[in-house]
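Trainee: Sharing run-v1.csv, CSV, C-alpha atoms:
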```csv
chain,number,residue,atom,x,y,z
O,1,MET,CA,24.0,-36.7,-86.1
O,2,GLU,CA,27.2,-36.1,-88.1
O,3,GLY,CA,27.0,-34.2,-91.3
O,4,ASN,CA,29.2,-34.6,-94.3
O,5,ASN,CA,31.2,-31.5,-93.6
O,6,VAL,CA,34.6,-31.7,-91.8
O,7,ILE,CA,35.2,-28.7,-89.6
O,8,GLY,CA,37.7,-26.4,-91.2
O,9,SER,CA,37.5,-28.2,-94.5
O,10,THR,CA,37.2,-26.3,-97.8
O,11,ALA,CA,36.9,-29.4,-99.9
O,12,HIS,CA,33.2,-28.9,-100.5
O,13,SER,CA,33.6,-25.4,-102.0
O,14,ALA,CA,34.1,-26.8,-105.5
O,15,SER,CA,30.7,-28.4,-105.4
O,16,VAL,CA,28.8,-25.3,-104.2
O,17,PRO,CA,25.8,-24.9,-106.4
O,18,ALA,CA,25.5,-21.6,-108.2
O,19,SER,CA,22.0,-21.1,-106.9
O,20,SER,CA,19.4,-22.5,-104.5
O,21,PRO,CA,17.0,-25.3,-105.4
O,22,CYS,CA,14.5,-22.8,-106.6
O,23,GLY,CA,17.0,-21.3,-109.0
O,24,VAL,CA,17.8,-18.0,-107.3
O,25,ARG,CA,20.2,-17.0,-104.6
O,26,THR,CA,18.2,-15.9,-101.6
O,27,LEU,CA,19.3,-14.8,-98.2
O,28,GLY,CA,18.3,-18.3,-96.9
O,29,TRP,CA,20.5,-20.0,-99.5
O,30,HIS,CA,23.4,-17.7,-98.6
O,31,LEU,CA,23.0,-18.3,-94.9
O,32,ALA,CA,23.0,-22.1,-95.4
O,33,ARG,CA,26.2,-21.9,-97.5
O,34,ARG,CA,28.0,-19.6,-95.1
O,35,LEU,CA,27.1,-21.8,-92.1
O,36,VAL,CA,28.6,-24.8,-93.9
O,37,GLN,CA,31.7,-22.7,-94.8
O,38,ILE,CA,32.4,-21.8,-91.2
O,39,GLY,CA,32.1,-25.3,-90.0
O,40,VAL,CA,28.4,-25.7,-88.9
O,41,ASN,CA,27.1,-29.1,-89.9
O,42,ASP,CA,24.5,-29.7,-87.1
O,43,MET,CA,21.8,-27.1,-86.6
O,44,PHE,CA,19.0,-27.4,-84.0
O,45,SER,CA,15.6,-26.0,-84.8
O,46,VAL,CA,12.0,-25.5,-83.8
O,47,PRO,CA,9.8,-24.8,-86.8
O,48,GLY,CA,7.4,-21.9,-86.6
O,49,ASP,CA,5.4,-19.5,-88.8
O,50,PHE,CA,8.2,-17.0,-89.1
O,51,ASN,CA,11.1,-19.3,-90.0
O,52,LEU,CA,9.6,-21.9,-92.3
O,53,THR,CA,11.0,-20.4,-95.5
O,54,LEU,CA,14.5,-20.3,-94.0
O,55,LEU,CA,14.1,-23.9,-92.8
O,56,ASP,CA,13.3,-24.9,-96.4
O,57,HIS,CA,16.7,-23.5,-97.5
O,58,LEU,CA,18.6,-25.1,-94.6
O,59,ILE,CA,17.0,-28.5,-95.3
O,60,ALA,CA,18.0,-28.2,-99.0
O,61,GLU,CA,21.7,-27.7,-98.0
O,62,ARG,CA,23.0,-31.2,-98.2
O,63,GLU,CA,25.9,-30.5,-95.8
O,64,LEU,CA,23.7,-29.3,-93.0
O,65,ASN,CA,22.0,-31.8,-90.6
O,66,LEU,CA,18.9,-30.1,-89.3
O,67,ILE,CA,17.8,-31.6,-86.0
O,68,GLY,CA,14.4,-30.8,-84.6
O,69,CYS,CA,14.0,-30.0,-81.0
O,70,CYS,CA,10.9,-30.0,-78.8
O,71,ASN,CA,11.3,-26.4,-77.7
O,72,GLU,CA,13.5,-23.3,-78.2
O,73,LEU,CA,15.4,-23.4,-74.9
O,74,ASN,CA,16.4,-27.0,-75.6
O,75,ALA,CA,17.5,-26.0,-79.1
O,76,GLY,CA,19.7,-23.3,-77.6
O,77,TYR,CA,21.2,-25.6,-74.9
O,78,VAL,CA,21.9,-28.5,-77.3
O,79,ALA,CA,23.7,-26.1,-79.7
O,80,ASN,CA,25.6,-24.8,-76.6
O,81,GLY,CA,26.6,-28.4,-75.7
O,82,TYR,CA,27.6,-29.4,-79.3
O,83,THR,CA,29.7,-26.3,-79.5
O,84,ARG,CA,31.7,-27.3,-76.5
O,85,ALA,CA,32.4,-30.7,-78.1
O,86,LYS,CA,32.6,-30.0,-81.8
O,87,GLY,CA,33.0,-26.3,-82.4
O,88,VAL,CA,30.6,-23.7,-83.8
O,89,ARG,CA,26.9,-24.8,-84.0
O,90,ALA,CA,23.7,-23.0,-84.6
O,91,CYS,CA,20.0,-23.0,-83.7
O,92,VAL,CA,17.0,-21.7,-85.6
O,93,VAL,CA,13.8,-20.5,-83.9
O,94,THR,CA,10.8,-18.4,-84.7
O,95,SER,CA,9.8,-14.9,-83.5
O,96,PRO,CA,9.1,-13.7,-80.8
O,97,VAL,CA,8.2,-16.6,-78.6
O,98,GLY,CA,11.1,-18.7,-79.8
O,99,GLY,CA,13.6,-15.9,-79.6
O,100,LEU,CA,12.6,-14.9,-76.1
O,101,SER,CA,12.7,-18.5,-75.0
O,102,VAL,CA,16.2,-19.3,-76.4
O,103,LEU,CA,17.6,-16.2,-74.8
O,104,ASN,CA,18.9,-17.9,-71.7
O,105,ALA,CA,20.8,-20.5,-73.6
O,106,ILE,CA,22.4,-17.8,-75.8
O,107,THR,CA,23.2,-15.7,-72.8
O,108,GLY,CA,25.0,-18.6,-71.3
O,109,ALA,CA,27.0,-19.3,-74.5
O,110,TYR,CA,27.9,-15.7,-74.8
O,111,SER,CA,29.1,-15.5,-71.2
O,112,GLU,CA,31.5,-18.4,-71.8
O,113,ASN,CA,32.6,-17.2,-75.3
O,114,LEU,CA,31.1,-20.1,-77.1
O,115,PRO,CA,30.5,-19.7,-80.8
O,116,VAL,CA,26.7,-20.4,-80.9
O,117,ILE,CA,24.8,-18.8,-83.8
O,118,CYS,CA,21.2,-18.2,-83.2
O,119,LEU,CA,18.9,-17.4,-86.2
O,120,VAL,CA,15.5,-16.0,-85.3
O,121,GLY,CA,12.8,-15.8,-88.0
O,122,GLY,CA,10.7,-12.6,-88.0
O,123,PRO,CA,7.6,-11.2,-89.5
O,124,ASN,CA,7.6,-10.6,-93.2
O,125,THR,CA,8.9,-7.2,-94.2
O,126,ASN,CA,5.4,-6.4,-95.6
O,127,ASP,CA,4.1,-6.6,-92.0
O,128,TYR,CA,6.2,-3.7,-90.7
O,129,GLY,CA,4.3,-0.5,-90.5
O,130,THR,CA,0.9,-2.1,-91.1
O,131,ASN,CA,-0.3,-1.4,-87.5
O,132,ILE,CA,-1.5,-5.0,-87.3
O,133,ILE,CA,-0.8,-7.1,-84.3
O,134,LEU,CA,0.3,-10.5,-85.5
O,135,HIS,CA,-0.2,-13.8,-83.8
O,136,HIS,CA,2.7,-15.1,-81.7
O,137,THR,CA,3.8,-11.6,-81.0
O,138,ILE,CA,3.6,-9.9,-77.6
O,139,GLY,CA,0.9,-7.5,-78.7
O,140,LEU,CA,3.2,-4.6,-79.7
O,141,LEU,CA,3.3,-3.0,-83.1
O,142,ASP,CA,7.1,-2.7,-82.7
O,143,PHE,CA,8.7,-6.0,-83.8
O,144,SER,CA,12.2,-5.1,-82.4
O,145,GLN,CA,11.8,-6.4,-78.8
O,146,GLU,CA,13.9,-9.5,-79.4
O,147,HIS,CA,16.6,-7.6,-81.0
O,148,ARG,CA,16.8,-5.2,-78.0
O,149,CYS,CA,16.8,-8.2,-75.6
O,150,PHE,CA,19.7,-10.0,-77.5
O,151,GLN,CA,21.6,-6.7,-77.7
O,152,THR,CA,21.4,-6.3,-73.9
O,153,VAL,CA,22.9,-9.7,-73.1
O,154,THR,CA,25.3,-10.2,-76.0
O,155,GLY,CA,26.7,-6.6,-76.4
```
Is it possible to give me this structure as structure tokens?
Mentor:
Amino acid sequence: MEGNNVIGSTAHSASVPASSPCGVRTLGWHLARRLVQIGVNDMFSVPGDFNLTLLDHLIAERELNLIGCCNELNAGYVANGYTRAKGVRACVVTSPVGGLSVLNAITGAYSENLPVICLVGGPNTNDYGTNIILHHTIGLLDFSQEHRCFQTVTG
């Protein structure tokens, strides 16, 4: 499960592509590059409707090893365990079911000052303000419930 990146190494910076595989610098491309730059080489994920585009960018980053997990809580706890052994790691889940599920693992990491990064995909920005209840949501028109939950447990 080792990636090609050595934690703390900047040797790969000279080979950073100027843009993503699709030819433009997107937020997903930027996140993938920054994760590698801070030493993340293993990421744990559960694909879902609201994170698929981000996962495409993470998979395209050759220095990231994306590891699929069977559920979000497992993704969070395996990121927690890898962080203890190898330094900063990350998990990627979807919204809101994935974000709410991974919350216990992130709370545990936060309480022990472990550098676990959790990326939670969300509805498209076009969905905000449409007054449409989306699938996989908790039936509210307000999509900020996860943010409020994470804020409460991580400060």
Trainee: Can you tell me how far CA of Glu63 (chain O) sits from CA of Leu100 (chain O), in Å to one decimal?
Mentor: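 The value is 28.4 Å.
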Trainee: Suppose you want the space between CA of Trp29 (chain O) and CA of Cys91 (chain O); what is it in Å?
Mentor: 16.1 Å
Trainee: Rounded to one decimal place, report the CA of Gly76 (chain O)-CA of His147 (chain O) distance in Å.
Mentor: 16.4 Å
Trainee: Of the residues O:Ala90, O:Leu52, O:Val46, O:Leu64, which is the one nearest to Gly122 (chain O), using only C-alpha atoms?
Mentor: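 For Gly122 (chain O), the nearest of the given residues is O:Leu52.
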Trainee: Would you pick out the contacts of Asn80 (chain O) at 8 Å or less, using all atoms listed in the file, so that residues sharing its chain but fewer than 2 positions from it are not included, and give the list as a ChimeraX atom specification?
Mentor: /O:76-78,82-84,89,105-106,109,114,116
